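Data block for input-v1.txt (compact mmCIF, C-alpha atoms):
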# COMPACT_ATOMS: atom_id res chain seq x y z
CA MET A 1 57.91 88.99 121.42
CA ARG A 2 58.02 89.32 117.64
CA ARG A 3 59.00 93.00 117.99
CA ILE A 4 62.08 92.08 120.00
CA GLN A 5 63.12 89.43 117.46
CA VAL A 6 62.87 91.90 114.54
CA SER A 7 64.80 94.50 116.53
CA GLY A 8 67.59 92.00 117.15
CA TYR A 9 67.90 91.26 113.41
CA LEU A 10 68.18 94.97 112.66
CA LEU A 11 70.50 95.77 115.55
CA ALA A 12 73.26 93.22 114.76
CA PRO A 13 74.20 94.63 111.30
CA ALA A 14 74.02 98.18 112.62
CA LEU A 15 76.43 97.37 115.46
CA PHE A 16 78.79 95.64 113.03
CA LEU A 17 78.83 98.70 110.75
CA LEU A 18 79.49 100.98 113.70
CA LEU A 19 82.40 98.81 114.79
CA VAL A 20 83.96 98.86 111.30
CA ALA A 21 83.33 102.60 110.89
CA ARG A 22 84.96 103.28 114.25
CA GLN A 23 88.15 101.47 113.21
CA VAL A 24 88.31 103.14 109.79
CA GLU A 25 87.53 106.56 111.28
CA SER A 26 90.25 106.21 113.91
CA ASN A 27 92.85 105.48 111.23
CA TRP A 28 91.73 108.46 109.12
CA LEU A 29 91.65 110.75 112.14
CA LEU A 30 95.10 109.69 113.28
CA VAL A 31 96.58 110.34 109.85
CA SER A 32 94.81 113.65 109.25
CA ALA A 33 95.39 114.94 112.77
CA GLY A 34 99.03 113.97 112.86
CA GLY A 35 98.68 111.12 115.32
CA ASN A 36 100.44 112.79 118.22
CA GLY A 37 98.77 116.11 118.87
CA GLY A 38 98.45 117.35 115.29
CA GLU A 39 102.14 117.30 114.32
CA GLY A 40 101.22 116.74 110.66
CA ALA A 41 102.04 113.06 110.27
CA HIS A 42 101.83 111.73 106.73
CA VAL A 43 102.48 108.59 104.78
CA ASP A 44 104.80 108.64 101.80
CA ILE A 45 106.51 106.00 99.72
CA PHE A 46 108.60 106.59 96.64
CA VAL A 47 109.90 104.11 94.10
CA LYS A 48 113.67 104.53 93.94
CA GLU A 49 114.69 102.17 91.13
CA VAL A 50 113.35 99.60 88.69
CA THR A 51 115.76 97.31 86.80
CA VAL A 52 114.66 94.96 84.02
CA SER A 53 116.70 92.19 82.41
CA PRO A 54 116.78 90.97 79.77
CA VAL A 55 115.17 93.67 77.62
CA ARG A 56 115.53 91.52 74.49
CA ALA A 57 114.07 88.05 74.87
CA HIS A 58 111.92 85.42 73.24
CA VAL A 59 108.37 84.58 74.28
CA GLY A 60 108.52 81.88 76.95
CA GLU A 61 111.58 83.26 78.71
CA VAL A 62 111.43 84.77 82.20
CA ILE A 63 112.10 88.48 82.65
CA ARG A 64 113.62 89.56 85.98
CA ILE A 65 112.51 92.89 87.45
CA ASP A 66 114.10 94.30 90.60
CA MET A 67 112.34 97.18 92.35
CA ARG A 68 113.48 99.32 95.27
CA TRP A 69 111.17 101.61 97.19
CA VAL A 70 111.60 103.74 100.29
CA TYR A 71 109.28 104.69 103.12
CA TRP A 72 109.55 108.46 103.53
CA GLY A 73 106.80 109.53 105.92
CA ASP A 74 105.68 109.57 109.50
CA ILE A 75 103.94 106.60 111.02
CA SER A 76 101.25 107.94 113.25
CA ASN A 77 100.13 106.00 116.29
CA ARG A 78 98.24 102.78 115.37
CA TYR A 79 98.25 103.41 111.60
CA TYR A 80 99.16 100.85 108.97
CA GLU A 81 98.29 100.15 105.36
CA THR A 82 98.37 97.13 103.09
CA THR A 83 99.00 97.57 99.40
CA ASN A 84 100.66 95.76 96.49
CA ALA A 85 104.02 96.35 94.90
CA GLU A 86 103.23 95.78 91.22
CA ILE A 87 104.98 95.40 87.92
CA LYS A 88 102.97 96.36 84.85
CA ALA A 89 103.75 95.63 81.21
CA ASN A 90 101.82 97.93 78.86
CA GLY A 91 99.43 98.70 81.73
CA LYS A 92 98.66 95.07 82.64
CA VAL A 93 99.84 93.70 86.00
CA VAL A 94 102.31 90.88 85.28
CA ALA A 95 103.78 90.48 88.78
CA SER A 96 102.62 91.56 92.22
CA SER A 97 103.55 91.16 95.86
CA PRO A 98 101.59 92.27 98.95
CA PHE A 99 103.29 94.94 101.01
CA VAL A 100 102.35 96.09 104.53
CA TYR A 101 104.03 98.90 106.36
CA ASP A 102 103.09 99.47 109.95
CA TYR A 103 104.15 100.77 113.33
CA GLY A 104 107.71 99.52 112.92
CA ALA A 105 108.43 101.49 109.74
CA SER A 106 111.05 104.20 110.08
CA LEU A 107 111.86 107.16 107.90
CA GLY A 108 114.18 105.98 105.13
CA ASP A 109 113.44 102.24 105.37
CA GLU A 110 114.26 100.72 102.00
CA TYR A 111 112.50 97.69 100.56
CA VAL A 112 113.80 95.54 97.71
CA HIS A 113 111.87 92.90 95.84
CA THR A 114 112.64 90.75 92.81
CA PHE A 115 109.78 89.89 90.49
CA HIS A 116 109.77 87.27 87.72
CA TRP A 117 107.56 87.77 84.68
CA ASP A 118 106.94 84.47 82.91
CA THR A 119 106.27 85.41 79.29
CA ARG A 120 104.75 82.09 78.23
CA GLY A 121 101.60 82.82 76.27
CA VAL A 122 102.44 86.52 75.81
CA SER A 123 102.24 88.00 72.33
CA PRO A 124 105.51 89.12 70.68
CA GLY A 125 105.99 92.89 70.76
CA LYS A 126 107.35 95.84 72.73
CA TYR A 127 106.39 96.14 76.39
CA THR A 128 106.82 99.22 78.56
CA ILE A 129 107.59 98.24 82.16
CA ARG A 130 106.24 100.24 85.11
CA GLY A 131 107.02 99.51 88.78
CA GLU A 132 104.49 100.89 91.26
CA VAL A 133 103.65 100.90 94.97
CA PHE A 134 100.30 102.68 95.28
CA LEU A 135 99.03 104.17 98.56
CA TRP A 136 95.67 105.89 98.95
CA LEU A 137 96.88 108.37 101.56
CA ASP A 138 100.27 109.11 100.02
CA VAL A 139 101.06 112.82 100.09
CA THR A 140 103.13 112.57 96.88
CA PRO A 141 101.48 109.97 94.61
CA TYR A 142 103.50 111.14 91.60
CA ASP A 143 106.64 109.39 92.91
CA ASN A 144 104.99 106.02 93.64
CA PHE A 145 106.00 104.60 90.25
CA LEU A 146 108.81 104.55 87.72
CA VAL A 147 108.63 103.71 84.02
CA VAL A 148 111.62 102.04 82.36
CA LYS A 149 112.33 103.98 79.14
CA GLU A 150 113.84 101.03 77.29
CA PRO A 151 111.01 98.65 76.37
CA VAL A 152 111.19 94.89 76.71
CA ILE A 153 111.21 93.41 73.20
CA LEU A 154 109.70 89.95 72.98
CA LEU A 155 110.14 87.98 69.78
CA ALA A 156 108.62 84.68 68.74
CA PRO A 157 110.75 81.68 69.76
CA GLY A 158 113.68 81.25 67.36
CA ALA A 159 113.26 84.66 65.68
CA GLU A 160 116.34 86.82 65.06
CA PHE A 161 116.76 90.16 66.81
CA PRO A 162 117.14 93.25 64.57
CA ASP A 163 120.53 94.82 63.88
CA GLY A 164 122.37 91.63 64.84
CA GLN A 165 121.69 92.15 68.53
CA GLY A 166 121.36 89.13 70.74
CA ALA A 167 119.10 88.37 73.65
CA GLY A 168 119.95 90.20 76.86
CA GLY A 169 120.52 93.78 77.88
CA ALA A 170 119.11 95.67 80.81
CA GLY A 171 116.89 98.68 81.36
CA VAL A 172 116.99 100.84 84.46
CA ALA A 173 114.78 103.66 85.71
CA ARG A 174 115.96 105.70 88.70
CA ASN A 175 114.17 108.38 90.65
CA PRO A 176 116.36 111.44 89.93
CA ALA A 177 115.55 113.06 93.28
CA PHE A 178 116.94 110.13 95.32
CA LYS A 179 120.15 108.65 93.96

Kindly present the structure from the file in structure tokens form.
Amino acid sequence: MRRIQVSGYLLAPALFLLLVARQVESNWLLVSAGGNGGEGAHVDIFVKEVTVSPVRAHVGEVIRIDMRWVYWGDISNRYYETTNAEIKANGKVVASSPFVYDYGASLGDEYVHTFHWDTRGVSPGKYTIRGEVFLWLDVTPYDNFLVVKEPVILLAPGAEFPDGQGAGGAGVARNPAFK
């Protein structure tokens, strides 16, 4: 009787792992085989535009970042992926939103999201803004992000901006291939 009990303890985790592996494998096989008879299905997202305003602000103010991205691939049968649309300032994630595309996604679907970066507690300085939607299986990962060339300048509360400039301004990065 003890042999059967030990076998049951070993069998349950093995069956669970097989179940999970089956689901993961089916997704990978569908993507790599093209879903419908090997037609070469692929997943692809590209970031189309990132807009930041204001680019001159004081610590404690909220920075608004608008990001647009486009689904540009085939959805194979039963495939979906969950990821995050993220805004990074000097490499650190400052705003994030979960994003799931699935069976209902169509070629050219455009997604728009507004992020708010609360700068309370952030050190004064220059911050490079990067908008990114990362996908593991993306066939063109080099277009999953855009970097805004004009940095966000944060000054201590009450400090004067250089060259007589005031708070405000905007920075925009656009994917040159998709205007």

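Proximity to Gly91 (chain A) was assessed for A:Gly171, A:Pro157, A:Gly60, A:Gly131 counting only C-alpha atoms; the smallest distance is recorded for A:Gly131.
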
Interatomic distance, CA of Ala95 (chain A) to CA of Thr51 (chain A) (Å, one decimal):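 So the two atoms, CA of Ala95 (chain A) and CA of Thr51 (chain A), lie 13.9 Å apart.
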
Tell me which of A:Val47, A:Pro151, A:Ile63, A:Leu137 sits closest to Arg120 (chain A), counting only C-alpha atoms.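 Under the stated criterion, the closest residue is A:Ile63.
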
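Closest approach to Ala85 (chain A) from the set A:Val70, A:Val59, A:Val133, A:Leu107 is made by A:Val133, with distances taken over only C-alpha atoms.
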
Residue nearest Ala89 (chain A) among A:Ser106, A:Thr119, A:Thr140, A:Asn175 (counting only C-alpha atoms):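 Ranking A:Ser106, A:Thr119, A:Thr140, A:Asn175 by distance to Ala89 (chain A), first place goes to A:Thr119.
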
When you draw a straight line from CA of Ile65 (chain A) to CA of Val50 (chain A), how long is it in Å?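 Atom-to-atom, CA of Ile65 (chain A) and CA of Val50 (chain A) are spaced 6.9 Å apart.
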
Please determine, counting all atoms listed in the file, which residue among A:Phe115, A:Met67, A:Trp72, A:Lys48 has the shortest atom-to-atom distance to Asp138 (chain A).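 Of all the options, A:Trp72 lies closest to Asp138 (chain A).
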
Rank A:Glu49, A:Ser123, A:Val43, A:Ala57 by their smallest atom-to-atom distance to Glu160 (chain A), using only C-alpha atoms, and report the top residue only.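 Ranking A:Glu49, A:Ser123, A:Val43, A:Ala57 by distance to Glu160 (chain A), first place goes to A:Ala57.
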
Could you work out how far CA of Thr82 (chain A) lies from CA of Ala173 (chain A), giving the answer in Å with one decimal?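 Spanning CA of Ala173 (chain A) to CA of Thr82 (chain A) is a straight-line distance of 24.8 Å.
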